[in-house]
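What's in work-v2.csv: CSV, C-alpha atoms
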chain,number,residue,atom,x,y,z
A,16,MET,CA,195.2,82.3,114.4
A,17,ALA,CA,197.2,82.1,111.1
A,18,LEU,CA,200.4,82.1,113.1
A,19,ALA,CA,199.2,79.2,115.2
A,20,ALA,CA,197.7,77.2,112.3
A,21,ASP,CA,198.1,73.5,112.1
A,22,PRO,CA,197.5,72.4,108.5
A,23,LYS,CA,197.4,68.7,109.4
A,24,LYS,CA,194.7,69.2,112.0
A,25,ALA,CA,192.9,71.6,109.8
A,26,VAL,CA,192.2,68.9,107.1
A,27,GLY,CA,190.7,66.5,109.7
A,28,MET,CA,188.6,69.2,111.4
A,29,GLN,CA,187.2,70.3,108.1
A,30,ALA,CA,186.3,66.8,107.1
A,31,TYR,CA,184.8,66.0,110.5
A,32,MET,CA,182.5,69.1,110.4
A,33,LYS,CA,181.7,68.6,106.7
A,34,SER,CA,182.6,72.2,106.4
A,35,THR,CA,183.0,74.1,103.1
A,36,MET,CA,184.9,76.7,105.0
A,37,PRO,CA,188.5,75.7,105.8
A,38,TYR,CA,190.0,75.6,109.3
A,39,TYR,CA,193.2,76.9,110.7
A,40,GLY,CA,193.4,73.7,112.7
A,41,LEU,CA,193.0,75.3,116.2
A,42,ASN,CA,191.2,73.6,119.0
A,43,LEU,CA,188.6,75.5,121.0
A,44,PRO,CA,190.8,76.5,123.9
A,45,ALA,CA,193.3,78.0,121.4
A,46,VAL,CA,190.4,79.9,119.7
A,47,ARG,CA,189.3,81.2,123.1
A,48,ARG,CA,192.8,82.2,124.1
A,49,VAL,CA,193.3,84.3,120.9
A,50,SER,CA,189.8,85.8,121.2
A,51,ARG,CA,190.4,86.7,124.8
A,52,GLN,CA,193.7,88.4,123.9
A,53,LEU,CA,191.9,90.4,121.2
A,54,PHE,CA,188.7,91.3,122.9
A,55,GLY,CA,189.6,91.1,126.6
A,56,ASP,CA,190.5,94.8,127.1
A,57,MET,CA,188.6,96.2,124.1
A,58,GLU,CA,185.9,98.7,125.1
A,59,MET,CA,182.9,98.8,122.8
A,60,GLY,CA,179.5,100.3,122.9
A,61,CYS,CA,176.6,98.1,121.7
A,62,HIS,CA,176.6,99.6,118.2
A,63,GLU,CA,180.3,99.0,117.7
A,64,TRP,CA,180.0,95.6,119.3
A,65,ARG,CA,177.3,94.6,116.8
A,66,GLU,CA,179.1,96.0,113.8
A,67,THR,CA,182.3,94.1,114.9
A,68,LEU,CA,180.3,90.9,115.2
A,69,LEU,CA,178.9,91.2,111.8
A,70,GLU,CA,182.2,92.1,110.2
A,71,LEU,CA,183.8,89.1,111.8
A,72,TRP,CA,181.0,86.8,110.8
A,73,ARG,CA,180.5,87.9,107.3
A,74,GLY,CA,184.2,88.3,106.6
A,75,ALA,CA,185.3,85.0,108.0
A,76,ARG,CA,187.5,82.9,105.7
A,77,HIS,CA,188.2,80.2,108.2
A,78,ARG,CA,185.7,78.6,110.6
A,79,GLU,CA,187.6,79.5,113.7
A,80,GLU,CA,187.0,83.2,112.8
A,81,ARG,CA,183.3,82.5,113.2
A,82,TYR,CA,184.0,80.8,116.5
A,83,ALA,CA,185.7,84.1,117.6
A,84,ALA,CA,182.6,86.0,116.6
A,85,MET,CA,180.6,83.6,118.9
A,86,PHE,CA,183.1,84.3,121.7
A,87,LEU,CA,182.5,88.0,121.3
A,88,LEU,CA,178.7,87.5,121.2
A,89,THR,CA,178.6,85.6,124.4
A,90,MET,CA,181.1,87.8,126.5
A,91,LYS,CA,179.5,88.8,129.8
A,92,ARG,CA,180.5,92.4,129.4
A,93,HIS,CA,178.3,92.8,126.4
A,94,ARG,CA,175.3,91.0,127.9
A,95,ASP,CA,173.2,94.2,128.1
A,96,CYS,CA,173.6,94.5,124.3
A,97,VAL,CA,171.7,91.3,123.7
A,98,ARG,CA,168.1,92.5,123.3
A,99,PRO,CA,165.2,91.5,121.0
A,100,GLY,CA,166.4,94.1,118.5
A,101,LEU,CA,169.4,91.9,117.9
A,102,MET,CA,167.3,89.2,116.4
A,103,PRO,CA,167.8,90.1,112.7
A,104,MET,CA,171.5,89.6,113.2
A,105,LEU,CA,171.1,86.4,115.1
A,106,GLU,CA,168.7,85.2,112.4
A,107,GLU,CA,171.3,85.9,109.8
A,108,MET,CA,173.9,84.0,111.8
A,109,VAL,CA,171.6,81.0,112.2
A,110,VAL,CA,170.7,80.9,108.5
A,111,THR,CA,174.3,81.4,107.2
A,112,GLY,CA,175.9,79.3,109.9
A,113,ALA,CA,173.6,76.4,108.9
A,114,TRP,CA,175.4,73.7,111.0
A,115,TRP,CA,175.0,72.4,114.5
A,116,ASP,CA,178.3,73.9,115.9
A,117,HIS,CA,177.1,77.4,115.2
A,118,VAL,CA,173.3,77.0,115.5
A,119,ASP,CA,173.2,75.2,118.8
A,120,GLU,CA,175.3,77.9,120.5
A,121,LEU,CA,173.1,80.6,118.9
A,122,ALA,CA,170.0,78.8,120.2
A,123,MET,CA,171.3,79.4,123.8
A,124,VAL,CA,171.6,83.1,123.1
A,125,ILE,CA,168.1,83.2,121.6
A,126,GLY,CA,166.9,81.2,124.6
A,127,ASP,CA,168.2,83.9,127.0
A,128,LEU,CA,166.3,86.4,125.0
A,129,LEU,CA,163.1,84.3,125.2
A,130,GLN,CA,163.6,83.9,129.0
A,131,HIS,CA,163.9,87.7,129.5
A,132,HIS,CA,161.6,89.0,126.8
A,133,PRO,CA,158.9,86.3,126.5
A,134,LYS,CA,156.2,88.6,125.1
A,135,GLN,CA,158.3,89.5,122.1
A,136,MET,CA,160.2,86.2,121.6
A,137,ARG,CA,157.5,83.6,122.1
A,138,PRO,CA,155.5,84.5,118.9
A,139,LEU,CA,158.8,84.6,117.0
A,140,MET,CA,159.8,81.1,118.1
A,141,ARG,CA,156.3,79.8,117.2
A,142,LYS,CA,156.8,81.3,113.8
A,143,TRP,CA,160.3,79.7,113.4
A,144,SER,CA,158.8,76.3,114.3
A,145,THR,CA,157.1,76.1,111.0
A,146,HIS,CA,159.7,77.9,108.9
A,147,PRO,CA,161.1,76.2,105.8
A,148,ASN,CA,164.7,76.6,107.1
A,149,LEU,CA,165.4,73.6,109.3
A,150,TRP,CA,168.0,75.4,111.4
A,151,LYS,CA,165.4,78.0,112.5
A,152,ARG,CA,163.1,75.1,113.4
A,153,ARG,CA,165.9,73.5,115.3
A,154,VAL,CA,166.4,76.7,117.3
A,155,SER,CA,162.7,76.9,118.1
A,156,ILE,CA,162.8,73.4,119.6
A,157,ILE,CA,166.1,73.6,121.6
A,158,CYS,CA,166.1,77.2,122.7
A,159,GLN,CA,164.7,76.2,126.2
A,160,LEU,CA,167.3,73.6,127.0
A,161,LYS,CA,168.6,75.5,130.1
A,162,PHE,CA,165.2,76.5,131.4
A,163,LYS,CA,164.5,73.5,133.7
A,164,ARG,CA,161.4,74.3,135.8
A,165,GLU,CA,160.9,77.6,133.9
A,166,THR,CA,160.4,75.7,130.6
A,167,ASP,CA,157.3,76.9,128.8
A,168,LEU,CA,155.8,73.4,128.0
A,169,ASP,CA,153.0,74.9,125.9
A,170,LEU,CA,155.6,76.6,123.7
A,171,LEU,CA,157.9,73.5,123.6
A,172,TYR,CA,155.1,71.2,122.6
A,173,SER,CA,153.7,73.7,120.1
A,174,ASN,CA,157.1,74.0,118.4
A,175,ILE,CA,157.7,70.2,118.4
A,176,GLU,CA,154.3,69.4,116.9
A,177,PRO,CA,154.7,70.7,113.4
A,178,ASN,CA,158.1,68.9,113.2
A,179,LEU,CA,157.0,65.4,114.4
A,180,ALA,CA,156.8,64.1,110.8
A,181,ASP,CA,160.1,65.7,109.7
A,182,ARG,CA,162.6,63.1,108.5
A,183,ASP,CA,165.7,65.3,108.9
A,184,PHE,CA,168.2,63.9,111.5
A,185,PHE,CA,168.9,67.4,113.1
A,186,ILE,CA,165.2,68.0,113.7
A,187,ARG,CA,164.5,64.5,115.1
A,188,LYS,CA,167.6,64.8,117.3
A,189,ALA,CA,166.4,68.3,118.5
A,190,ILE,CA,163.0,66.9,119.5
A,191,GLY,CA,164.6,64.1,121.5
A,192,TRP,CA,167.2,66.4,123.1
A,193,ALA,CA,164.7,68.9,124.2
A,194,LEU,CA,162.5,66.2,125.8
A,195,ARG,CA,165.5,64.5,127.4
A,196,GLN,CA,166.7,67.7,128.9
A,197,TYR,CA,163.3,68.4,130.4
A,198,ALA,CA,163.1,64.9,131.7
A,199,TRP,CA,165.8,65.9,134.3
A,200,THR,CA,163.1,68.2,135.7
A,201,ASP,CA,159.9,66.1,135.2
A,202,PRO,CA,160.5,62.6,134.0
A,203,GLN,CA,156.8,61.6,134.4
A,204,GLU,CA,155.7,64.4,132.1
A,205,VAL,CA,158.2,63.4,129.4
A,206,ALA,CA,157.2,59.8,129.7
A,207,ARG,CA,153.5,60.8,129.4
A,208,TYR,CA,154.3,62.9,126.3
A,209,VAL,CA,156.2,60.1,124.7
A,210,ARG,CA,153.3,57.6,125.3
A,211,ALA,CA,150.8,60.1,124.0
A,212,HIS,CA,152.8,60.7,120.8
A,213,ASP,CA,154.3,57.2,120.4
A,214,SER,CA,153.0,56.7,116.8
A,215,GLN,CA,154.3,60.2,115.7
A,216,LEU,CA,157.7,60.3,117.3
A,217,SER,CA,160.6,58.9,115.3
A,218,GLY,CA,162.7,56.2,116.9
A,219,LEU,CA,165.6,58.6,117.3
A,220,SER,CA,163.4,61.2,119.1
A,221,ARG,CA,161.9,58.6,121.3
A,222,ARG,CA,165.2,57.0,122.4
A,223,GLU,CA,166.7,60.4,123.1
A,224,ALA,CA,163.7,61.5,125.1
A,225,LEU,CA,163.8,58.5,127.4
A,226,LYS,CA,167.5,58.3,128.0
A,227,ASN,CA,167.1,60.0,131.5
A,228,ILE,CA,164.1,58.0,132.5
A,229,GLY,CA,164.5,54.6,134.2
Output the file's structure as structure tokens, nothing else.
Amino acid sequence: MALAADPKKAVGMQAYMKSTMPYYGLNLPAVRRVSRQLFGDMEMGCHEWRETLLELWRGARHREERYAAMFLLTMKRHRDCVRPGLMPMLEEMVVTGAWWDHVDELAMVIGDLLQHHPKQMRPLMRKWSTHPNLWKRRVSIICQLKFKRETDLDLLYSNIEPNLADRDFFIRKAIGWALRQYAWTDPQEVARYVRAHDSQLSGLSRREALKNIG
């Protein structure tokens, strides 16, 4: 990454992402290419994979290095390593990542865990929905974005409810995004929910929720 760095791009990327961590100036395809070259043929057991992830994440000095950690996290060959016991590490990544580019991708990983281990993950997501950390609350709201007809509406609404009055942009956007995504599956239900909570939903959440509804 250092060899391919583009200092001019790096300045603009850091400013755009409002990042305290500097960039090398690599676009995402370049990050993936480097990551694939590094990890593509590397054989790791689950313990070594987890330790490598943590070393990359904690030791990162440029933001692209954390993107490489996310690449390693989501590689198909390590899918069996993603189990509920990984949650302390994922929680650390959410809290220390603390911005949408990291957190939203982590939410999809956590969503996969929720889908495959609902008994363990459902209570944790309910707990996160009321946590002081806004990024954990955002994860609890958007973790079902890919679920379509398998969406647990009780969980979704339960996680939205304690956040309806929150004034933070990222929470309001998350509420609207989650509802908008489910509207592809059941627009009537989302329209009903918006009507029922019209006085509580922010304008941003309402507009986002109704984007896919005629």
| Nearest candidate to Lys33 in chain A (options A:Leu216, A:Leu179, A:Ala19, A:Ala113; using all atoms listed in the file) |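 The shortest atom-to-atom distance to Lys33 in chain A comes from A:Ala113.
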I'd like a table as JSON lines: residues in range 112-160 of chain A with an atom no more than 8 Å from range 190-204 of chain A, each row giving the shortest atom pair and its distance in Å to one decimal, all atoms listed in the file counted, sorted by chain and rising residue number.
{"residue": "A:Ile156", "atom": "CA", "partner": "A:Ile190", "partner_atom": "CA", "distance": 6.5}
{"residue": "A:Ile157", "atom": "CA", "partner": "A:Ala193", "partner_atom": "CA", "distance": 5.6}
{"residue": "A:Gln159", "atom": "CA", "partner": "A:Ala193", "partner_atom": "CA", "distance": 7.6}
{"residue": "A:Leu160", "atom": "CA", "partner": "A:Ala193", "partner_atom": "CA", "distance": 6.1}
| message | Give me, as a VMD selection string, all polymer residues having an atom no more than 12 Å from Arg92 in chain A, counting all atoms listed in the file and skipping those fewer than 5 positions away in the same chain. | response | chain A and resid 54 to 61 64 86 to 87 97
Proximity of range 28-96 of chain A to range 123-139 of chain A: per-residue shortest pair, 10 Å limit, all atoms listed in the file, as JSON lines:
{"residue": "A:Met85", "atom": "CA", "partner": "A:Val124", "partner_atom": "CA", "distance": 9.9}
{"residue": "A:Leu88", "atom": "CA", "partner": "A:Val124", "partner_atom": "CA", "distance": 8.6}
{"residue": "A:Thr89", "atom": "CA", "partner": "A:Val124", "partner_atom": "CA", "distance": 7.5}
{"residue": "A:Arg94", "atom": "CA", "partner": "A:Val124", "partner_atom": "CA", "distance": 10.0}
| message | Report as a list in words all protein, DNA and RNA residues lying within 7 Å of Glu79 in chain A, evaluated on all atoms listed in the file, omitting residues in the same chain fewer than 3 positions from it. | response |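 The residues that qualify are Tyr38, Tyr39, Val46, Tyr82 and Ala83 of chain A.
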| query | In Å to one decimal, how far is CA of Leu121 in chain A from CA of His212 in chain A? | reply |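 Going from CA of His212 in chain A over to CA of Leu121 in chain A covers 28.5 Å.
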| task | Could you check which of A:Val205, A:Met104, A:Pro99, A:Leu43 is closest to Thr67 in chain A, using all atoms listed in the file? | result |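 Comparing A:Val205, A:Met104, A:Pro99, A:Leu43 against Thr67 in chain A, the winner is A:Met104.
For the choices A:Cys96, A:Val109, A:Ala206, A:Met36, the atom-to-atom distance to Arg152 in chain A is smallest for A:Val109 when using only C-alpha atoms.
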| query | How far is it from CA of Gln52 in chain A to CA of Gly27 in chain A, in Å with one decimal? | reply |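 Taking CA of Gln52 in chain A as the start and CA of Gly27 in chain A as the end point, the length is 26.3 Å.
Here CA of Ser220 in chain A is placed at a distance of 23.8 Å from CA of Gly112 in chain A.
For Gln29 in chain A, the set of protein, DNA and RNA residues having any atom at most 12 Å away, when counting all atoms listed in the file and skipping those fewer than 3 positions along the same chain, is Pro22, Lys23, Lys24, Ala25, Val26, Met32, Lys33, Ser34, Thr35, Met36, Pro37, Tyr38, Tyr39, Gly40, Leu41, His77, Arg78 and Glu79 of chain A.
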Restricted to C-alpha atoms, what would the selected residues look like written as a compact mmCIF listing (two decimals), keeping the file's coordinate frame?
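result-v6.txt, freshly written:
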# COMPACT_ATOMS: atom_id res chain seq x y z
CA PRO A 22 197.50 72.40 108.50
CA LYS A 23 197.40 68.70 109.40
CA LYS A 24 194.70 69.20 112.00
CA ALA A 25 192.90 71.60 109.80
CA VAL A 26 192.20 68.90 107.10
CA MET A 32 182.50 69.10 110.40
CA LYS A 33 181.70 68.60 106.70
CA SER A 34 182.60 72.20 106.40
CA THR A 35 183.00 74.10 103.10
CA MET A 36 184.90 76.70 105.00
CA PRO A 37 188.50 75.70 105.80
CA TYR A 38 190.00 75.60 109.30
CA TYR A 39 193.20 76.90 110.70
CA GLY A 40 193.40 73.70 112.70
CA LEU A 41 193.00 75.30 116.20
CA HIS A 77 188.20 80.20 108.20
CA ARG A 78 185.70 78.60 110.60
CA GLU A 79 187.60 79.50 113.70
| request: Would you list the contacts of Leu219 in chain A as a list of chain:residue names, taking every protein, DNA or RNA residue within 12 Å and counting all atoms listed in the file, but skipping same-chain residues closer than 2 positions in sequence? | output: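 The contact residues come out as A:Leu179, A:Asp181, A:Arg182, A:Asp183, A:Phe184, A:Phe185, A:Ile186, A:Arg187, A:Lys188, A:Ala189, A:Ile190, A:Gly191, A:Trp192, A:Leu194, A:Arg195, A:Asp213, A:Gln215, A:Leu216, A:Ser217, A:Arg221, A:Arg222, A:Glu223, A:Ala224, A:Leu225, A:Lys226.
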